[in-house]
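Reproduced below: start-v5.csv, with CSV, C-alpha atoms.
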chain,number,residue,atom,x,y,z
H,1,MET,CA,2.5,1.8,-8.8
H,2,THR,CA,5.0,3.8,-6.8
H,3,LEU,CA,3.7,7.3,-6.1
H,4,PRO,CA,5.6,10.3,-4.6
H,5,ALA,CA,5.4,10.6,-0.9
H,6,PRO,CA,3.4,13.9,-0.9
H,7,TRP,CA,0.6,12.2,-2.8
H,8,ILE,CA,0.2,9.7,0.1
H,9,THR,CA,1.3,11.8,3.1
H,10,ALA,CA,-0.6,14.9,4.3
H,11,PRO,CA,1.4,18.1,4.4
H,12,HIS,CA,2.3,19.7,7.7
H,13,ALA,CA,0.1,22.7,8.7
H,14,PRO,CA,1.5,26.2,8.7
H,15,ASP,CA,2.8,27.5,12.0
H,16,GLN,CA,-0.3,28.6,13.9
H,17,THR,CA,1.6,30.5,16.5
H,18,LEU,CA,3.3,32.7,13.9
H,19,THR,CA,0.0,33.1,12.1
H,20,ARG,CA,-1.5,34.5,15.4
H,21,ARG,CA,1.4,36.8,15.9
H,22,ALA,CA,1.2,38.1,12.4
H,23,GLN,CA,-2.5,38.8,13.0
H,24,GLU,CA,-1.6,40.8,16.1
H,25,HIS,CA,1.1,42.7,14.2
H,26,GLN,CA,-1.4,43.7,11.5
H,27,LEU,CA,-3.7,45.1,14.2
H,28,SER,CA,-0.8,47.2,15.5
H,29,LEU,CA,-0.1,49.0,12.2
H,30,THR,CA,-1.2,52.5,11.4
H,31,LYS,CA,-4.4,51.7,9.6
H,32,PRO,CA,-7.9,50.7,10.4
H,33,PRO,CA,-8.1,46.9,10.9
H,34,GLY,CA,-8.8,45.1,7.7
H,35,SER,CA,-8.4,48.2,5.6
H,36,LEU,CA,-5.8,46.6,3.2
H,37,GLY,CA,-8.2,43.8,2.5
H,38,ARG,CA,-6.8,40.6,1.1
H,39,LEU,CA,-3.3,42.0,1.2
H,40,GLU,CA,-3.4,41.6,5.0
H,41,GLY,CA,-4.7,38.0,4.8
H,42,ALA,CA,-2.0,37.1,2.3
H,43,ALA,CA,0.8,38.5,4.4
H,44,ILE,CA,-0.6,36.7,7.5
H,45,ALA,CA,-0.9,33.4,5.7
H,46,LEU,CA,2.7,33.7,4.3
H,47,CYS,CA,4.0,34.3,7.9
H,48,GLY,CA,2.5,31.0,9.0
H,49,GLN,CA,3.6,29.2,5.8
H,50,GLN,CA,7.1,30.5,5.8
H,51,ARG,CA,7.5,30.3,9.6
H,52,ARG,CA,8.7,33.9,9.9
H,53,LEU,CA,7.2,37.2,10.9
H,54,ASP,CA,8.8,39.1,8.0
H,55,PRO,CA,7.4,37.2,5.0
H,56,ALA,CA,9.0,37.6,1.5
H,57,VAL,CA,8.4,36.3,-2.0
H,58,ASP,CA,11.5,37.6,-3.6
H,59,ARG,CA,12.7,34.2,-4.7
H,60,VAL,CA,10.0,32.8,-7.0
H,61,HIS,CA,10.2,29.4,-8.8
H,62,ILE,CA,8.0,28.9,-11.9
H,63,ALA,CA,7.7,25.5,-13.5
H,64,VAL,CA,5.9,25.2,-16.8
H,65,PHE,CA,4.8,21.6,-17.5
H,66,ALA,CA,4.0,20.7,-21.1
H,67,GLY,CA,2.5,17.6,-22.7
H,68,ASP,CA,0.1,16.6,-25.5
H,69,HIS,CA,-3.4,15.1,-25.3
H,70,GLY,CA,-4.8,12.3,-27.3
H,71,VAL,CA,-8.3,13.8,-27.2
H,72,CYS,CA,-7.1,16.2,-29.9
H,73,ASP,CA,-8.0,13.4,-32.3
H,74,GLU,CA,-11.6,14.5,-31.7
H,75,GLY,CA,-11.1,18.0,-33.2
H,76,ILE,CA,-11.6,19.9,-29.9
H,77,SER,CA,-9.0,22.7,-30.4
H,78,ALA,CA,-8.6,25.7,-32.7
H,79,PHE,CA,-4.8,25.1,-32.8
H,80,PRO,CA,-2.9,22.1,-34.1
H,81,GLN,CA,-1.0,19.8,-31.7
H,82,ALA,CA,2.3,20.9,-33.2
H,83,VAL,CA,2.0,24.1,-31.2
H,84,THR,CA,2.8,22.4,-27.9
H,85,ALA,CA,6.3,21.5,-29.0
H,86,GLN,CA,6.8,24.9,-30.6
H,87,MET,CA,5.7,26.7,-27.4
H,88,ILE,CA,8.1,24.6,-25.3
H,89,ALA,CA,11.0,26.1,-27.4
H,90,ASN,CA,9.4,29.5,-27.1
H,91,PHE,CA,9.3,29.3,-23.3
H,92,ALA,CA,12.9,28.1,-23.2
H,93,THR,CA,14.3,30.8,-25.5
H,94,GLY,CA,12.5,33.6,-23.7
H,95,GLY,CA,9.7,34.6,-26.2
H,96,ALA,CA,6.5,33.5,-24.4
H,97,ALA,CA,4.4,35.6,-22.0
H,98,ILE,CA,5.6,33.6,-18.9
H,99,SER,CA,9.2,34.1,-20.0
H,100,VAL,CA,8.8,37.8,-20.1
H,101,LEU,CA,7.0,37.9,-16.8
H,102,ALA,CA,9.6,35.7,-15.1
H,103,ARG,CA,12.4,38.0,-16.3
H,104,GLN,CA,10.4,41.0,-15.0
H,105,LEU,CA,10.0,39.3,-11.6
H,106,GLY,CA,13.6,38.0,-11.4
H,107,ALA,CA,12.0,34.6,-11.1
H,108,ALA,CA,13.5,31.2,-11.9
H,109,LEU,CA,11.8,29.6,-14.8
H,110,GLU,CA,12.0,26.0,-15.8
H,111,VAL,CA,10.3,24.2,-18.6
H,112,VAL,CA,9.5,20.5,-18.2
H,113,ASN,CA,8.7,18.5,-21.4
H,114,LEU,CA,6.5,15.5,-20.5
H,115,GLY,CA,5.9,14.3,-24.0
H,116,THR,CA,4.8,15.9,-27.3
H,117,VAL,CA,3.6,14.7,-30.7
H,118,GLY,CA,5.8,17.3,-32.3
H,119,GLU,CA,9.6,17.2,-32.0
H,120,VAL,CA,11.3,19.3,-29.4
H,121,ARG,CA,14.8,19.9,-30.7
H,122,ALA,CA,17.5,18.5,-28.4
H,123,ASP,CA,19.7,21.6,-29.0
H,124,VAL,CA,17.2,24.0,-27.5
H,125,PRO,CA,18.6,25.0,-24.1
H,126,ASN,CA,16.9,25.3,-20.7
H,127,ILE,CA,14.4,22.4,-21.1
H,128,ILE,CA,14.1,19.6,-18.7
H,129,HIS,CA,13.3,16.5,-20.7
H,130,ALA,CA,11.1,14.0,-18.9
H,131,PRO,CA,9.0,12.4,-21.7
H,132,ILE,CA,6.4,10.0,-20.6
H,133,ALA,CA,4.8,9.3,-24.0
H,134,PRO,CA,4.1,11.4,-27.1
H,135,ALA,CA,0.6,12.1,-25.8
H,136,THR,CA,-2.0,10.8,-23.3
H,137,GLY,CA,-4.7,8.4,-24.5
H,138,ASN,CA,-7.8,9.9,-26.1
H,139,ILE,CA,-10.1,10.3,-23.0
H,140,ALA,CA,-13.2,10.0,-25.1
H,141,ARG,CA,-12.2,6.4,-25.9
H,142,GLU,CA,-9.7,5.2,-23.3
H,143,PRO,CA,-8.0,6.2,-20.1
H,144,ALA,CA,-5.5,9.1,-20.4
H,145,MET,CA,-2.7,7.3,-18.6
H,146,ASP,CA,-1.6,3.8,-17.4
H,147,ASP,CA,-0.2,3.1,-14.0
H,148,HIS,CA,3.4,3.9,-15.0
H,149,GLN,CA,2.4,7.1,-16.7
H,150,ILE,CA,0.4,8.6,-13.9
H,151,ALA,CA,3.2,7.8,-11.4
H,152,ALA,CA,5.8,9.4,-13.7
H,153,ALA,CA,3.7,12.6,-14.2
H,154,LEU,CA,3.1,13.0,-10.4
H,155,GLN,CA,6.8,12.3,-9.8
H,156,ALA,CA,7.9,14.9,-12.4
H,157,GLY,CA,5.8,17.5,-10.4
H,158,ASP,CA,7.3,16.5,-7.1
H,159,GLN,CA,10.8,16.7,-8.6
H,160,ALA,CA,10.1,20.3,-9.7
H,161,ALA,CA,9.1,21.1,-6.1
H,162,GLU,CA,12.3,19.6,-4.9
H,163,ARG,CA,14.3,21.8,-7.3
H,164,ALA,CA,12.4,24.8,-6.0
H,165,ALA,CA,13.2,23.8,-2.4
H,166,GLN,CA,16.9,23.3,-3.2
H,167,SER,CA,17.0,26.8,-4.8
H,168,GLY,CA,15.6,28.4,-1.7
H,169,ALA,CA,12.3,29.4,-3.3
H,170,GLN,CA,9.8,31.4,-1.2
H,171,LEU,CA,6.9,30.9,-3.6
H,172,PHE,CA,6.1,28.2,-6.2
H,173,ILE,CA,4.0,28.7,-9.4
H,174,ALA,CA,3.1,26.0,-11.8
H,175,GLY,CA,2.2,26.7,-15.4
H,176,ASP,CA,0.7,24.5,-18.1
H,177,MET,CA,1.1,24.0,-21.9
H,178,GLY,CA,-0.7,21.4,-23.9
H,179,ILE,CA,-3.1,21.8,-26.8
H,180,GLY,CA,-6.3,20.1,-25.7
H,181,ASN,CA,-5.8,20.6,-22.0
H,182,THR,CA,-8.9,22.7,-21.4
H,183,THR,CA,-10.9,19.7,-22.5
H,184,THR,CA,-9.2,17.3,-20.1
H,185,ALA,CA,-9.4,19.8,-17.3
H,186,ALA,CA,-13.1,20.4,-17.9
H,187,ALA,CA,-13.7,16.6,-17.9
H,188,LEU,CA,-11.9,16.3,-14.6
H,189,ALA,CA,-13.8,19.2,-13.1
H,190,CYS,CA,-17.1,17.8,-14.3
H,191,ALA,CA,-16.4,14.5,-12.7
H,192,ILE,CA,-15.2,15.9,-9.4
H,193,LEU,CA,-18.0,18.5,-9.1
H,194,GLU,CA,-20.7,16.3,-10.7
H,195,GLN,CA,-21.6,18.9,-13.3
H,196,PRO,CA,-22.7,18.5,-16.9
H,197,ALA,CA,-20.1,19.4,-19.6
H,198,ARG,CA,-22.1,22.4,-20.8
H,199,VAL,CA,-21.6,24.1,-17.4
H,200,LEU,CA,-17.8,23.8,-17.4
H,201,VAL,CA,-16.6,23.5,-21.0
H,202,GLY,CA,-15.4,26.8,-22.5
H,203,ALA,CA,-13.8,28.1,-25.7
H,204,GLY,CA,-10.2,27.2,-24.7
H,205,THR,CA,-8.0,28.4,-27.5
H,206,GLY,CA,-10.8,30.3,-29.1
H,207,LEU,CA,-13.5,27.9,-30.4
H,208,ALA,CA,-16.6,29.2,-32.0
H,209,PRO,CA,-20.0,28.3,-30.4
H,210,ASP,CA,-20.4,25.1,-32.5
H,211,GLY,CA,-16.9,24.1,-31.6
H,212,VAL,CA,-17.6,24.5,-27.9
H,213,ARG,CA,-20.8,22.4,-28.2
H,214,HIS,CA,-18.7,19.6,-29.9
H,215,LYS,CA,-16.1,19.9,-27.2
H,216,ALA,CA,-18.8,19.5,-24.6
H,217,ASP,CA,-20.1,16.4,-26.4
H,218,VAL,CA,-16.6,14.9,-26.3
H,219,VAL,CA,-16.3,15.6,-22.6
H,220,GLU,CA,-19.7,13.8,-22.0
H,221,LEU,CA,-18.3,10.8,-23.9
H,222,ALA,CA,-15.3,10.8,-21.6
H,223,LEU,CA,-17.4,11.1,-18.5
H,224,ALA,CA,-19.7,8.2,-19.6
H,225,ARG,CA,-16.7,6.0,-20.4
H,226,HIS,CA,-15.1,6.8,-17.0
H,227,GLY,CA,-18.2,5.9,-14.9
H,228,GLN,CA,-18.8,6.7,-11.3
H,229,ASP,CA,-15.4,6.2,-9.6
H,230,ARG,CA,-14.5,9.4,-7.8
H,231,ASP,CA,-11.2,8.4,-6.3
H,232,PRO,CA,-8.8,11.3,-7.1
H,233,LEU,CA,-6.1,9.1,-8.5
H,234,ALA,CA,-8.6,7.2,-10.7
H,235,LEU,CA,-10.0,10.5,-12.0
H,236,LEU,CA,-6.6,11.9,-12.8
H,237,GLN,CA,-5.5,8.7,-14.5
H,238,SER,CA,-8.6,8.3,-16.5
H,239,LEU,CA,-9.4,11.9,-17.5
H,240,GLY,CA,-6.3,14.1,-16.9
H,241,GLY,CA,-3.2,15.0,-18.7
H,242,PHE,CA,0.6,14.6,-18.1
H,243,GLU,CA,0.9,18.3,-17.2
H,244,ILE,CA,-2.2,18.4,-15.0
H,245,ALA,CA,-1.0,15.4,-13.0
H,246,ALA,CA,2.5,17.1,-12.7
H,247,ILE,CA,1.0,20.3,-11.5
H,248,ALA,CA,-1.0,18.4,-8.9
H,249,GLY,CA,2.1,16.6,-7.8
H,250,SER,CA,4.1,19.8,-7.7
H,251,TYR,CA,1.6,21.5,-5.4
H,252,LEU,CA,1.6,18.7,-2.9
H,253,GLY,CA,5.4,18.5,-3.2
H,254,ALA,CA,5.8,22.2,-2.6
H,255,ALA,CA,3.5,22.1,0.5
H,256,ALA,CA,5.4,19.1,1.8
H,257,ARG,CA,8.6,21.2,1.6
H,258,GLY,CA,7.0,24.3,3.2
H,259,ILE,CA,6.8,26.4,0.1
H,260,PRO,CA,3.7,28.5,-0.5
H,261,VAL,CA,1.9,28.0,-3.8
H,262,LEU,CA,0.4,30.6,-6.1
H,263,VAL,CA,-2.2,28.9,-8.3
H,264,ASP,CA,-2.8,30.1,-11.8
H,265,GLY,CA,-6.0,29.8,-13.9
H,266,PHE,CA,-8.4,27.1,-15.0
H,267,ILE,CA,-6.0,24.2,-15.7
H,268,ALA,CA,-3.9,24.9,-12.6
H,269,SER,CA,-7.0,25.3,-10.4
H,270,VAL,CA,-8.4,21.9,-11.6
H,271,ALA,CA,-5.1,20.4,-10.7
H,272,ALA,CA,-5.4,22.0,-7.3
H,273,LEU,CA,-8.9,20.6,-6.9
H,274,VAL,CA,-7.7,17.1,-7.7
H,275,ALA,CA,-4.8,17.4,-5.2
H,276,LEU,CA,-7.1,18.8,-2.5
H,277,ARG,CA,-9.4,15.9,-2.9
H,278,GLN,CA,-6.4,13.6,-2.2
H,279,GLN,CA,-4.9,15.8,0.6
H,280,PRO,CA,-7.3,18.4,2.1
H,281,GLY,CA,-4.4,19.8,4.2
H,282,LEU,CA,-3.0,21.3,0.9
H,283,ARG,CA,-5.7,24.1,1.2
H,284,ALA,CA,-3.6,26.0,3.8
H,285,TRP,CA,-0.7,26.4,1.4
H,286,LEU,CA,-2.6,27.8,-1.6
H,287,HIS,CA,-2.9,31.4,-2.8
H,288,TYR,CA,-4.8,32.2,-6.0
H,289,GLY,CA,-3.5,34.5,-8.6
H,290,HIS,CA,-6.4,35.3,-10.9
H,291,ARG,CA,-9.9,34.5,-12.1
H,292,SER,CA,-9.6,33.2,-15.7
H,293,ALA,CA,-12.0,34.1,-18.5
H,294,GLU,CA,-12.4,30.4,-19.2
H,295,GLN,CA,-16.1,29.5,-18.7
H,296,GLY,CA,-15.6,26.8,-16.0
H,297,HIS,CA,-13.1,28.6,-13.8
H,298,GLN,CA,-15.6,30.3,-11.4
H,299,LYS,CA,-17.2,27.0,-10.6
H,300,VAL,CA,-13.8,25.5,-9.8
H,301,LEU,CA,-12.9,28.5,-7.7
H,302,ASP,CA,-16.1,28.2,-5.7
H,303,ALA,CA,-15.3,24.5,-5.0
H,304,LEU,CA,-11.9,25.6,-3.8
H,305,GLU,CA,-13.3,28.4,-1.7
H,306,ALA,CA,-10.8,30.6,-3.5
H,307,HIS,CA,-10.7,34.3,-3.8
H,308,PRO,CA,-8.2,35.3,-6.5
H,309,LEU,CA,-6.1,38.4,-6.3
H,310,LEU,CA,-6.8,39.5,-9.9
H,311,ASP,CA,-9.6,39.5,-12.5
H,312,LEU,CA,-8.1,40.8,-15.7
H,313,GLY,CA,-10.0,38.7,-18.3
H,314,MET,CA,-6.8,36.6,-18.9
H,315,ARG,CA,-7.0,33.0,-20.2
H,316,LEU,CA,-3.5,32.2,-21.5
H,317,GLY,CA,-2.3,29.7,-19.0
H,318,GLU,CA,1.5,29.1,-18.7
H,319,GLY,CA,1.3,30.4,-15.2
H,320,SER,CA,0.9,34.0,-16.6
H,321,GLY,CA,-2.0,35.1,-14.4
H,322,ALA,CA,-0.2,33.9,-11.2
H,323,ALA,CA,3.0,35.6,-12.3
H,324,THR,CA,1.2,38.8,-12.8
H,325,ALA,CA,-0.2,38.6,-9.2
H,326,VAL,CA,3.3,38.2,-7.6
H,327,THR,CA,3.7,41.9,-7.4
H,328,LEU,CA,0.6,42.1,-5.2
H,329,LEU,CA,2.0,39.5,-2.8
H,330,ARG,CA,5.3,41.5,-2.8
H,331,SER,CA,3.3,44.6,-1.9
H,332,ALA,CA,1.5,42.6,0.9
H,333,CYS,CA,4.8,41.6,2.4
H,334,ALA,CA,6.3,45.1,2.1
H,335,LEU,CA,3.3,46.6,3.9
H,336,HIS,CA,3.4,44.0,6.6
H,337,ASN,CA,7.1,44.4,7.2
H,338,GLN,CA,7.6,48.1,6.8
H,339,MET,CA,4.6,50.0,8.0
H,340,ALA,CA,4.9,51.7,11.4
H,341,SER,CA,2.9,50.7,14.4
H,342,PHE,CA,0.7,53.1,16.2
H,343,ALA,CA,3.2,53.2,19.1
H,344,ASP,CA,6.2,53.7,16.9
H,345,ALA,CA,4.6,56.5,14.9
H,346,GLY,CA,3.0,58.2,17.9
H,347,VAL,CA,-0.4,57.9,16.3
H,348,SER,CA,-3.6,57.2,18.4
H,349,ASP,CA,-5.1,53.8,17.7
H,350,GLY,CA,-8.5,55.0,18.9
H,351,SER,CA,-8.4,53.0,22.1
H,352,ASP,CA,-8.6,56.2,24.2
H,353,GLN,CA,-11.8,57.4,22.6
Would it be possible to restate this file's structure as structure tokens?
Amino acid sequence: MTLPAPWITAPHAPDQTLTRRAQEHQLSLTKPPGSLGRLEGAAIALCGQQRRLDPAVDRVHIAVFAGDHGVCDEGISAFPQAVTAQMIANFATGGAAISVLARQLGAALEVVNLGTVGEVRADVPNIIHAPIAPATGNIAREPAMDDHQIAAALQAGDQAAERAAQSGAQLFIAGDMGIGNTTTAAALACAILEQPARVLVGAGTGLAPDGVRHKADVVELALARHGQDRDPLALLQSLGGFEIAAIAGSYLGAAARGIPVLVDGFIASVAALVALRQQPGLRAWLHYGHRSAEQGHQKVLDALEAHPLLDLGMRLGEGSGAATAVTLLRSACALHNQMASFADAGVSDGSDQ
């Protein structure tokens, strides 16, 4: 199979010289060191990632990847599969949460259709059609993707990163849509972290407790079928989804092109975890938007050594939590760029005490 270059080649590290200069700049500003908390760290990281001392996230590129999941045949969702195709149209016509947030941010939003059971009308504008199959395989019974399909999904993510680079994006966000994808994401996380399904499987679209128990049983079937192979590509191909693979590919593609990434919730974080297992250097390019209310997200965040900017009880997906956090990154940049230094303001820095 032919995989996109970022899957195979480690991303370059951010500029360490500019990172150090940004740290020194933060120490010169009229505030006690560290008093702005993670806003300082975010600005410093962006300086190294963007290779500039005046970081900015004015130009944001959001790519929502959508695809259906064969595991829905096991009755693991409170919503029918037809919703995936319906939501693709809702994204494209501006009615979804991420559509509203993108407009609020002035962000570019693209919707990538990777394959749905329901029909996505050809006359709906603003959709990038890249169908791989109507749905993945049912992971409880068979691998999610064959060699061609996993390569196509990773390539779709890399192509989105290329479009972001061509548009001059300063920040990349990937969103997800796919009924059943909390099941596949949980299966992937269980396999990577070697955890039982009951620890990581949550309510997803709103399952009752008996539905969550059934969903966990389905994940255990998938894990038993997959076996012990922990190679990232093998895990993704066996247990993942088209949109999860595309998100993983987009993160690696963005990092390869020098674009910082803001990670969304549970689905996106599992994609980041898979991508990190393949390319550990990706870690230096990731910011984290929010802590999802989905049960398994904290375990995944712990594995990522991630400290999200927000904890609002959100669990929608679509990139919505990350988009909500963009304003905090913009504040971090404004503070870094516009605050006066002790010398400029004529304020004592305490060194004479």
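Closest approach to Arg198 in chain H from the set H:Ile179, H:Val218, H:Ala340, H:Leu18 is made by H:Val218, with distances taken over all atoms listed in the file.
Distances here use only C-alpha atoms; by that measure, the residue among H:Arg277, H:Leu171, H:Ala322, H:Thr93 closest to Asp58 in chain H is H:Leu171.
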Q. Of the residues H:Ala268, H:Ala197, H:Val83, H:Ile259, which is the one nearest to Ser167 in chain H, using only C-alpha atoms?
A. H:Ile259
Q) In Å to one decimal, how far is CA of Arg213 in chain H from CA of Leu193 in chain H? A)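 That distance, rounded to one decimal, is 19.7 Å.
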Q.
Just to confirm, what's the straight-line distance from CA of His148 in chain H to CA of Gln237 in chain H in Å (one decimal)?
A. 10.1 Å
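Put simply, CA of Gly321 in chain H is 5.7 Å away from CA of Asp264 in chain H.
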**Q.** Nearest residue to Leu36 in chain H from the set H:Thr116, H:Leu101, H:Gln295, H:Ala332 (distances using only C-alpha atoms)
**A.**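 Closest to Leu36 in chain H, using only C-alpha atoms: H:Ala332.
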Q) Hey, what's within 12 Å of Ala13 in chain H if we count all atoms listed in the file and toss same-chain stuff fewer than 5 positions away? As a list of chain:residue names, please? A)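 In the requested format, the answer is H:Leu18, H:Thr19, H:Ala45, H:Gly48, H:Gln49, H:Gln50, H:Arg51, H:Ala255, H:Ala256, H:Arg257, H:Gly258, H:Ile259, H:Pro260, H:Gln279, H:Pro280, H:Gly281, H:Leu282, H:Arg283, H:Ala284, H:Trp285, H:Leu286.
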Q: Quick one: everything within 8 Å of Asn126 in chain H, counting only C-alpha atoms, minus sequence neighbours fewer than 6 positions away in the same chain. Send it as a list in words.
A: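 Near Asn126 in chain H, the qualifying residues are Ala92, Thr93, Glu110 and Val111 of chain H.
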Include C-alpha atoms and write out the residues we just selected as a tab-separated table (two decimals), keeping the file's coordinate frame.
chain	number	residue	atom	x	y	z
H	92	ALA	CA	12.90	28.10	-23.20
H	93	THR	CA	14.30	30.80	-25.50
H	110	GLU	CA	12.00	26.00	-15.80
H	111	VAL	CA	10.30	24.20	-18.60
Q) Pick the closest to Ala323 in chain H from H:Arg103, H:Lys31, H:Arg21, H:Arg52: which is it, counting all atoms listed in the file? A)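 When distances to Ala323 in chain H are compared using all atoms listed in the file, the smallest one comes from H:Arg103.
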Q: Considering all atoms listed in the file, state which residue in the set H:Gln278, H:Ser292, H:Asn138, H:Gln338 is at the smallest distance from Pro6 in chain H.
A: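 Selected residue with least distance to Pro6 in chain H: H:Gln278.
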